[in-house]
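Colleague: File input-v3.cif below, mmCIF, N, CA and C atoms, pLDDT in the B column; chains and numbers go by the auth columns:
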data_work
loop_
_atom_site.group_PDB
_atom_site.id
_atom_site.type_symbol
_atom_site.label_atom_id
_atom_site.label_comp_id
_atom_site.label_asym_id
_atom_site.label_seq_id
_atom_site.Cartn_x
_atom_site.Cartn_y
_atom_site.Cartn_z
_atom_site.B_iso_or_equiv
_atom_site.auth_seq_id
_atom_site.auth_asym_id
ATOM 1 N N MET A 1 -15.547 19.446 3.197 48.00 1 Z
ATOM 2 C CA MET A 1 -14.443 20.294 3.544 48.00 1 Z
ATOM 3 C C MET A 1 -14.976 21.709 3.746 48.00 1 Z
ATOM 4 N N MET A 2 -14.439 22.399 4.721 51.00 2 Z
ATOM 5 C CA MET A 2 -14.881 23.758 5.015 51.00 2 Z
ATOM 6 C C MET A 2 -14.263 24.736 4.022 51.00 2 Z
ATOM 7 N N ARG A 3 -15.007 25.714 3.647 51.00 3 Z
ATOM 8 C CA ARG A 3 -14.518 26.755 2.746 51.00 3 Z
ATOM 9 C C ARG A 3 -14.420 28.059 3.512 51.00 3 Z
ATOM 10 N N TYR A 4 -13.421 28.831 3.188 50.00 4 Z
ATOM 11 C CA TYR A 4 -13.194 30.106 3.859 50.00 4 Z
ATOM 12 C C TYR A 4 -13.635 31.214 2.925 50.00 4 Z
ATOM 13 N N GLU A 5 -14.632 31.965 3.355 49.00 5 Z
ATOM 14 C CA GLU A 5 -15.243 32.969 2.499 49.00 5 Z
ATOM 15 C C GLU A 5 -14.815 34.366 2.918 49.00 5 Z
ATOM 16 N N GLY A 6 -14.892 35.270 1.977 44.00 6 Z
ATOM 17 C CA GLY A 6 -14.701 36.691 2.261 44.00 6 Z
ATOM 18 C C GLY A 6 -13.346 37.030 2.830 44.00 6 Z
ATOM 19 N N SER A 7 -13.361 37.698 3.961 46.00 7 Z
ATOM 20 C CA SER A 7 -12.112 38.211 4.529 46.00 7 Z
ATOM 21 C C SER A 7 -11.427 37.222 5.458 46.00 7 Z
ATOM 22 N N GLU A 8 -11.989 36.025 5.639 60.00 8 Z
ATOM 23 C CA GLU A 8 -11.356 35.044 6.506 60.00 8 Z
ATOM 24 C C GLU A 8 -10.099 34.512 5.832 60.00 8 Z
ATOM 25 N N GLN A 9 -8.991 34.642 6.508 66.00 9 Z
ATOM 26 C CA GLN A 9 -7.711 34.177 5.997 66.00 9 Z
ATOM 27 C C GLN A 9 -7.065 33.285 7.052 66.00 9 Z
ATOM 28 N N LEU A 10 -6.346 32.281 6.596 66.00 10 Z
ATOM 29 C CA LEU A 10 -5.591 31.446 7.511 66.00 10 Z
ATOM 30 C C LEU A 10 -4.276 32.133 7.829 66.00 10 Z
ATOM 31 N N ALA A 11 -3.888 32.135 9.097 72.00 11 Z
ATOM 32 C CA ALA A 11 -2.611 32.721 9.479 72.00 11 Z
ATOM 33 C C ALA A 11 -1.464 31.833 9.016 72.00 11 Z
ATOM 34 N N ASP A 12 -1.713 30.545 8.975 69.00 12 Z
ATOM 35 C CA ASP A 12 -0.710 29.572 8.543 69.00 12 Z
ATOM 36 C C ASP A 12 -0.723 29.486 7.024 69.00 12 Z
ATOM 37 N N LYS A 13 0.392 29.743 6.379 75.00 13 Z
ATOM 38 C CA LYS A 13 0.470 29.734 4.914 75.00 13 Z
ATOM 39 C C LYS A 13 1.218 28.520 4.381 75.00 13 Z
ATOM 40 N N THR A 14 1.402 27.475 5.197 77.00 14 Z
ATOM 41 C CA THR A 14 2.116 26.293 4.737 77.00 14 Z
ATOM 42 C C THR A 14 1.260 25.503 3.753 77.00 14 Z
ATOM 43 N N ALA A 15 1.862 24.479 3.167 79.00 15 Z
ATOM 44 C CA ALA A 15 1.228 23.754 2.071 79.00 15 Z
ATOM 45 C C ALA A 15 -0.078 23.070 2.464 79.00 15 Z
ATOM 46 N N CYS A 16 -0.142 22.458 3.610 87.00 16 Z
ATOM 47 C CA CYS A 16 -1.316 21.678 4.006 87.00 16 Z
ATOM 48 C C CYS A 16 -2.134 22.381 5.085 87.00 16 Z
ATOM 49 N N ALA A 17 -2.060 23.681 5.162 89.00 17 Z
ATOM 50 C CA ALA A 17 -2.699 24.439 6.243 89.00 17 Z
ATOM 51 C C ALA A 17 -4.219 24.337 6.203 89.00 17 Z
ATOM 52 N N ARG A 18 -4.808 24.362 5.041 91.00 18 Z
ATOM 53 C CA ARG A 18 -6.266 24.325 4.938 91.00 18 Z
ATOM 54 C C ARG A 18 -6.822 22.978 5.401 91.00 18 Z
ATOM 55 N N VAL A 19 -6.155 21.888 5.010 92.00 19 Z
ATOM 56 C CA VAL A 19 -6.601 20.559 5.431 92.00 19 Z
ATOM 57 C C VAL A 19 -6.417 20.415 6.938 92.00 19 Z
ATOM 58 N N ARG A 20 -5.323 20.947 7.459 92.00 20 Z
ATOM 59 C CA ARG A 20 -5.062 20.887 8.897 92.00 20 Z
ATOM 60 C C ARG A 20 -6.131 21.661 9.677 92.00 20 Z
ATOM 61 N N ALA A 21 -6.509 22.826 9.185 92.00 21 Z
ATOM 62 C CA ALA A 21 -7.537 23.630 9.848 92.00 21 Z
ATOM 63 C C ALA A 21 -8.885 22.919 9.821 92.00 21 Z
ATOM 64 N N ASP A 22 -9.213 22.273 8.698 93.00 22 Z
ATOM 65 C CA ASP A 22 -10.467 21.523 8.607 93.00 22 Z
ATOM 66 C C ASP A 22 -10.477 20.354 9.583 93.00 22 Z
ATOM 67 N N LEU A 23 -9.350 19.651 9.694 93.00 23 Z
ATOM 68 C CA LEU A 23 -9.242 18.541 10.629 93.00 23 Z
ATOM 69 C C LEU A 23 -9.381 19.027 12.066 93.00 23 Z
ATOM 70 N N LYS A 24 -8.762 20.136 12.379 92.00 24 Z
ATOM 71 C CA LYS A 24 -8.841 20.697 13.728 92.00 24 Z
ATOM 72 C C LYS A 24 -10.273 21.069 14.090 92.00 24 Z
ATOM 73 N N MET A 25 -10.975 21.734 13.174 93.00 25 Z
ATOM 74 C CA MET A 25 -12.353 22.134 13.451 93.00 25 Z
ATOM 75 C C MET A 25 -13.274 20.915 13.566 93.00 25 Z
ATOM 76 N N CYS A 26 -13.041 19.915 12.757 93.00 26 Z
ATOM 77 C CA CYS A 26 -13.848 18.700 12.825 93.00 26 Z
ATOM 78 C C CYS A 26 -13.659 18.015 14.176 93.00 26 Z
ATOM 79 N N LEU A 27 -12.424 17.940 14.639 92.00 27 Z
ATOM 80 C CA LEU A 27 -12.158 17.299 15.921 92.00 27 Z
ATOM 81 C C LEU A 27 -12.738 18.094 17.080 92.00 27 Z
ATOM 82 N N LEU A 28 -12.626 19.417 17.016 91.00 28 Z
ATOM 83 C CA LEU A 28 -13.143 20.239 18.106 91.00 28 Z
ATOM 84 C C LEU A 28 -14.662 20.181 18.209 91.00 28 Z
ATOM 85 N N GLU A 29 -15.336 19.896 17.100 92.00 29 Z
ATOM 86 C CA GLU A 29 -16.791 19.783 17.099 92.00 29 Z
ATOM 87 C C GLU A 29 -17.279 18.368 17.377 92.00 29 Z
ATOM 88 N N SER A 30 -16.369 17.407 17.518 90.00 30 Z
ATOM 89 C CA SER A 30 -16.763 16.019 17.749 90.00 30 Z
ATOM 90 C C SER A 30 -17.169 15.803 19.204 90.00 30 Z
ATOM 91 N N ASP A 31 -17.866 14.694 19.454 87.00 31 Z
ATOM 92 C CA ASP A 31 -18.296 14.353 20.810 87.00 31 Z
ATOM 93 C C ASP A 31 -17.108 14.103 21.732 87.00 31 Z
ATOM 94 N N CYS A 32 -16.033 13.618 21.174 87.00 32 Z
ATOM 95 C CA CYS A 32 -14.853 13.314 21.982 87.00 32 Z
ATOM 96 C C CYS A 32 -14.314 14.572 22.652 87.00 32 Z
ATOM 97 N N CYS A 33 -14.218 15.661 21.929 88.00 33 Z
ATOM 98 C CA CYS A 33 -13.694 16.912 22.493 88.00 33 Z
ATOM 99 C C CYS A 33 -14.749 17.668 23.285 88.00 33 Z
ATOM 100 N N LYS A 34 -15.982 17.652 22.808 86.00 34 Z
ATOM 101 C CA LYS A 34 -17.038 18.427 23.473 86.00 34 Z
ATOM 102 C C LYS A 34 -17.518 17.777 24.760 86.00 34 Z
ATOM 103 N N LYS A 35 -17.933 16.537 24.676 86.00 35 Z
ATOM 104 C CA LYS A 35 -18.560 15.891 25.824 86.00 35 Z
ATOM 105 C C LYS A 35 -17.545 15.292 26.790 86.00 35 Z
ATOM 106 N N GLU A 36 -16.503 14.681 26.256 86.00 36 Z
ATOM 107 C CA GLU A 36 -15.535 13.996 27.111 86.00 36 Z
ATOM 108 C C GLU A 36 -14.365 14.889 27.512 86.00 36 Z
ATOM 109 N N ARG A 37 -14.313 16.089 26.952 87.00 37 Z
ATOM 110 C CA ARG A 37 -13.264 17.073 27.275 87.00 37 Z
ATOM 111 C C ARG A 37 -11.851 16.523 27.067 87.00 37 Z
ATOM 112 N N LYS A 38 -11.640 15.879 25.942 86.00 38 Z
ATOM 113 C CA LYS A 38 -10.330 15.360 25.570 86.00 38 Z
ATOM 114 C C LYS A 38 -9.663 16.324 24.599 86.00 38 Z
ATOM 115 N N LEU A 39 -8.348 16.239 24.510 89.00 39 Z
ATOM 116 C CA LEU A 39 -7.609 17.012 23.518 89.00 39 Z
ATOM 117 C C LEU A 39 -7.780 16.363 22.145 89.00 39 Z
ATOM 118 N N PRO A 40 -7.711 17.156 21.065 88.00 40 Z
ATOM 119 C CA PRO A 40 -7.846 16.566 19.721 88.00 40 Z
ATOM 120 C C PRO A 40 -6.824 15.459 19.457 88.00 40 Z
ATOM 121 N N ARG A 41 -5.630 15.602 19.973 89.00 41 Z
ATOM 122 C CA ARG A 41 -4.608 14.570 19.789 89.00 41 Z
ATOM 123 C C ARG A 41 -5.025 13.257 20.463 89.00 41 Z
ATOM 124 N N GLU A 42 -5.616 13.361 21.642 89.00 42 Z
ATOM 125 C CA GLU A 42 -6.089 12.168 22.351 89.00 42 Z
ATOM 126 C C GLU A 42 -7.258 11.519 21.611 89.00 42 Z
ATOM 127 N N CYS A 43 -8.090 12.349 21.011 88.00 43 Z
ATOM 128 C CA CYS A 43 -9.228 11.809 20.262 88.00 43 Z
ATOM 129 C C CYS A 43 -8.766 11.041 19.028 88.00 43 Z
ATOM 130 N N LEU A 44 -7.735 11.526 18.349 88.00 44 Z
ATOM 131 C CA LEU A 44 -7.230 10.825 17.175 88.00 44 Z
ATOM 132 C C LEU A 44 -6.589 9.493 17.548 88.00 44 Z
ATOM 133 N N ALA A 45 -6.013 9.419 18.733 89.00 45 Z
ATOM 134 C CA ALA A 45 -5.352 8.190 19.164 89.00 45 Z
ATOM 135 C C ALA A 45 -6.357 7.103 19.530 89.00 45 Z
ATOM 136 N N ARG A 46 -7.561 7.512 19.896 82.00 46 Z
ATOM 137 C CA ARG A 46 -8.597 6.546 20.264 82.00 46 Z
ATOM 138 C C ARG A 46 -9.197 5.904 19.019 82.00 46 Z
ATOM 139 N N ARG A 47 -9.612 4.684 19.148 80.00 47 Z
ATOM 140 C CA ARG A 47 -10.203 3.962 18.014 80.00 47 Z
ATOM 141 C C ARG A 47 -11.653 3.586 18.296 80.00 47 Z
ATOM 142 N N ASP A 48 -12.428 4.547 18.790 80.00 48 Z
ATOM 143 C CA ASP A 48 -13.842 4.267 19.049 80.00 48 Z
ATOM 144 C C ASP A 48 -14.711 5.177 18.188 80.00 48 Z
ATOM 145 N N ASP A 49 -15.999 5.170 18.445 81.00 49 Z
ATOM 146 C CA ASP A 49 -16.948 5.887 17.590 81.00 49 Z
ATOM 147 C C ASP A 49 -17.190 7.333 17.993 81.00 49 Z
ATOM 148 N N THR A 50 -16.413 7.877 18.927 82.00 50 Z
ATOM 149 C CA THR A 50 -16.627 9.265 19.331 82.00 50 Z
ATOM 150 C C THR A 50 -16.069 10.248 18.305 82.00 50 Z
ATOM 151 N N VAL A 51 -15.198 9.775 17.425 87.00 51 Z
ATOM 152 C CA VAL A 51 -14.651 10.613 16.346 87.00 51 Z
ATOM 153 C C VAL A 51 -15.364 10.233 15.057 87.00 51 Z
ATOM 154 N N PRO A 52 -16.016 11.186 14.382 90.00 52 Z
ATOM 155 C CA PRO A 52 -16.766 10.860 13.155 90.00 52 Z
ATOM 156 C C PRO A 52 -15.867 10.394 12.014 90.00 52 Z
ATOM 157 N N ASP A 53 -16.477 9.698 11.073 92.00 53 Z
ATOM 158 C CA ASP A 53 -15.741 9.205 9.901 92.00 53 Z
ATOM 159 C C ASP A 53 -15.189 10.352 9.067 92.00 53 Z
ATOM 160 N N GLN A 54 -15.875 11.484 9.068 94.00 54 Z
ATOM 161 C CA GLN A 54 -15.390 12.644 8.314 94.00 54 Z
ATOM 162 C C GLN A 54 -14.032 13.108 8.854 94.00 54 Z
ATOM 163 N N CYS A 55 -13.860 13.079 10.165 93.00 55 Z
ATOM 164 C CA CYS A 55 -12.577 13.471 10.765 93.00 55 Z
ATOM 165 C C CYS A 55 -11.487 12.468 10.420 93.00 55 Z
ATOM 166 N N ARG A 56 -11.838 11.186 10.389 93.00 56 Z
ATOM 167 C CA ARG A 56 -10.857 10.155 10.004 93.00 56 Z
ATOM 168 C C ARG A 56 -10.445 10.344 8.545 93.00 56 Z
ATOM 169 N N ALA A 57 -11.386 10.715 7.687 94.00 57 Z
ATOM 170 C CA ALA A 57 -11.065 10.959 6.280 94.00 57 Z
ATOM 171 C C ALA A 57 -10.159 12.188 6.144 94.00 57 Z
ATOM 172 N N LEU A 58 -10.434 13.224 6.933 94.00 58 Z
ATOM 173 C CA LEU A 58 -9.576 14.415 6.907 94.00 58 Z
ATOM 174 C C LEU A 58 -8.178 14.099 7.452 94.00 58 Z
ATOM 175 N N GLN A 59 -8.102 13.215 8.435 93.00 59 Z
ATOM 176 C CA GLN A 59 -6.805 12.803 8.968 93.00 59 Z
ATOM 177 C C GLN A 59 -5.989 12.107 7.882 93.00 59 Z
ATOM 178 N N ASN A 60 -6.643 11.243 7.107 94.00 60 Z
ATOM 179 C CA ASN A 60 -5.961 10.551 6.024 94.00 60 Z
ATOM 180 C C ASN A 60 -5.542 11.535 4.929 94.00 60 Z
ATOM 181 N N THR A 61 -6.393 12.488 4.600 93.00 61 Z
ATOM 182 C CA THR A 61 -6.057 13.500 3.590 93.00 61 Z
ATOM 183 C C THR A 61 -4.877 14.346 4.045 93.00 61 Z
ATOM 184 N N PHE A 62 -4.847 14.700 5.327 93.00 62 Z
ATOM 185 C CA PHE A 62 -3.729 15.481 5.864 93.00 62 Z
ATOM 186 C C PHE A 62 -2.430 14.677 5.803 93.00 62 Z
ATOM 187 N N PHE A 63 -2.504 13.390 6.117 92.00 63 Z
ATOM 188 C CA PHE A 63 -1.334 12.525 6.025 92.00 63 Z
ATOM 189 C C PHE A 63 -0.819 12.450 4.594 92.00 63 Z
ATOM 190 N N GLU A 64 -1.731 12.254 3.644 89.00 64 Z
ATOM 191 C CA GLU A 64 -1.332 12.175 2.234 89.00 64 Z
ATOM 192 C C GLU A 64 -0.724 13.491 1.748 89.00 64 Z
ATOM 193 N N CYS A 65 -1.258 14.608 2.203 87.00 65 Z
ATOM 194 C CA CYS A 65 -0.723 15.910 1.820 87.00 65 Z
ATOM 195 C C CYS A 65 0.697 16.086 2.341 87.00 65 Z
ATOM 196 N N LYS A 66 0.919 15.738 3.605 87.00 66 Z
ATOM 197 C CA LYS A 66 2.258 15.858 4.181 87.00 66 Z
ATOM 198 C C LYS A 66 3.239 14.904 3.506 87.00 66 Z
ATOM 199 N N ARG A 67 2.768 13.695 3.204 86.00 67 Z
ATOM 200 C CA ARG A 67 3.634 12.718 2.548 86.00 67 Z
ATOM 201 C C ARG A 67 4.000 13.170 1.135 86.00 67 Z
ATOM 202 N N SER A 68 3.071 13.815 0.447 81.00 68 Z
ATOM 203 C CA SER A 68 3.356 14.245 -0.921 81.00 68 Z
ATOM 204 C C SER A 68 4.402 15.355 -0.959 81.00 68 Z
ATOM 205 N N MET A 69 4.606 16.046 0.153 80.00 69 Z
ATOM 206 C CA MET A 69 5.641 17.076 0.199 80.00 69 Z
ATOM 207 C C MET A 69 7.038 16.465 0.172 80.00 69 Z
ATOM 208 N N LEU A 70 7.154 15.212 0.636 80.00 70 Z
ATOM 209 C CA LEU A 70 8.449 14.541 0.669 80.00 70 Z
ATOM 210 C C LEU A 70 8.711 13.698 -0.570 80.00 70 Z
ATOM 211 N N ASP A 71 7.681 13.368 -1.310 74.00 71 Z
ATOM 212 C CA ASP A 71 7.797 12.501 -2.474 74.00 71 Z
ATOM 213 C C ASP A 71 8.184 13.334 -3.695 74.00 71 Z
ATOM 214 N N ASN A 72 9.332 13.052 -4.273 74.00 72 Z
ATOM 215 C CA ASN A 72 9.810 13.820 -5.426 74.00 72 Z
ATOM 216 C C ASN A 72 8.933 13.634 -6.659 74.00 72 Z
ATOM 217 N N ARG A 73 8.259 12.496 -6.777 73.00 73 Z
ATOM 218 C CA ARG A 73 7.377 12.280 -7.932 73.00 73 Z
ATOM 219 C C ARG A 73 6.180 13.218 -7.897 73.00 73 Z
ATOM 220 N N GLN A 74 5.782 13.640 -6.692 66.00 74 Z
ATOM 221 C CA GLN A 74 4.611 14.504 -6.558 66.00 74 Z
ATOM 222 C C GLN A 74 4.895 15.947 -6.977 66.00 74 Z
ATOM 223 N N ARG A 75 6.146 16.288 -7.148 65.00 75 Z
ATOM 224 C CA ARG A 75 6.453 17.654 -7.587 65.00 75 Z
ATOM 225 C C ARG A 75 5.796 17.957 -8.926 65.00 75 Z
ATOM 226 N N PHE A 76 5.696 16.950 -9.785 66.00 76 Z
ATOM 227 C CA PHE A 76 5.121 17.155 -11.108 66.00 76 Z
ATOM 228 C C PHE A 76 3.603 16.986 -11.103 66.00 76 Z
ATOM 229 N N ARG A 77 3.073 16.188 -10.194 68.00 77 Z
ATOM 230 C CA ARG A 77 1.641 15.922 -10.146 68.00 77 Z
ATOM 231 C C ARG A 77 0.892 16.892 -9.271 68.00 77 Z
ATOM 232 N N GLY A 78 1.583 17.519 -8.348 65.00 78 Z
ATOM 233 C CA GLY A 78 0.932 18.425 -7.409 65.00 78 Z
ATOM 234 C C GLY A 78 0.633 17.723 -6.098 65.00 78 Z
ATOM 235 N N ARG A 79 0.377 18.499 -5.070 60.00 79 Z
ATOM 236 C CA ARG A 79 0.096 17.945 -3.754 60.00 79 Z
ATOM 237 C C ARG A 79 -1.319 17.411 -3.675 60.00 79 Z
ATOM 238 N N LYS A 80 -1.496 16.389 -2.884 60.00 80 Z
ATOM 239 C CA LYS A 80 -2.831 15.823 -2.676 60.00 80 Z
ATOM 240 C C LYS A 80 -3.531 16.635 -1.594 60.00 80 Z
ATOM 241 N N GLY A 81 -4.836 16.630 -1.638 56.00 81 Z
ATOM 242 C CA GLY A 81 -5.616 17.301 -0.608 56.00 81 Z
ATOM 243 C C GLY A 81 -6.115 18.667 -1.011 56.00 81 Z
ATOM 244 N N TYR A 82 -5.965 19.026 -2.279 55.00 82 Z
ATOM 245 C CA TYR A 82 -6.465 20.330 -2.715 55.00 82 Z
ATOM 246 C C TYR A 82 -7.625 20.168 -3.650 55.00 82 Z
#
Taking this structure as input, can you express it in the form of structure tokens?

Modeller:
Amino acid sequence: MMRYEGSEQLADKTACARVRADLKMCLLESDCCKKERKLPRECLARRDDTVPDQCRALQNTFFECKRSMLDNRQRFRGRKGY
């Protein structure tokens, strides 16, 4: 996971913003976006090897984080993905 050091701040202050930013950067650095000139959304929809496993793991973490915002049981346990 990418860490933000020093004066770098995310403009988005929502609950899962950091995981979303990491997923976005991972996708933009993948072969799918760089070499094939696809949008990150199109790359996630594809099921081939152009998207690294790290991006797939971040996609799952982002999903779990968003889902935990809707789950009332998670209010006491905290959000996943931090």

Colleague: I'd like the contact shell of Leu39 (chain Z) - 12 Å cut-off, only C-alpha atoms, skipping same-chain residues fewer than 3 positions apart - returned as an MDAnalysis selection string.

Modeller: chainID Z and resid 24 27:36 42:46 51

Colleague: Rounded to one decimal, what separation in Å do you get between atom C of Arg37 (chain Z) and CA of Pro52 (chain Z)?

Modeller: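 Atom-to-atom, atom C of Arg37 (chain Z) to CA of Pro52 (chain Z), that is 15.8 Å.
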
Colleague: Any chance you could work out the residue set of the PyMOL selection byres (((chain Z and resi 61-66 and name CA) around 10) and name CA) here, as a ChimeraX atom specification?

Modeller: /Z:15-23,55-60,67-71,78-82

Colleague: Atom N of Met25 (chain Z) and CA of Lys13 (chain Z), how far apart in Å?

Modeller: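 These two atoms are separated by 16.2 Å.
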
Colleague: So how many Å separate CA of Lys38 (chain Z) and atom C of Thr14 (chain Z), to one decimal?

Modeller: 26.7 Å

Colleague: Please enclose the listed atoms of region 29-47 of chain Z in an axis-aligned box, pad each side by 8 Å, and write out the centre and the three edge lengths in Å, rounded to one decimal, as JSON.

Modeller:
{"center_x": -11.6, "center_y": 11.7, "center_z": 22.3, "size_x": 30.0, "size_y": 32.3, "size_z": 26.4}

Colleague: Would you list, as JSON, numbers by chain, the residues of region 33-77 of chain Z that end up in helix (DSSP H, G or I) under DSSP run on this structure's backbone?

Modeller: {"Z": [33, 34, 40, 41, 42, 43, 44, 45, 53, 54, 55, 56, 57, 58, 59, 60, 61, 62, 63, 64, 65, 66, 67, 68, 69, 70, 74, 75, 76, 77]}
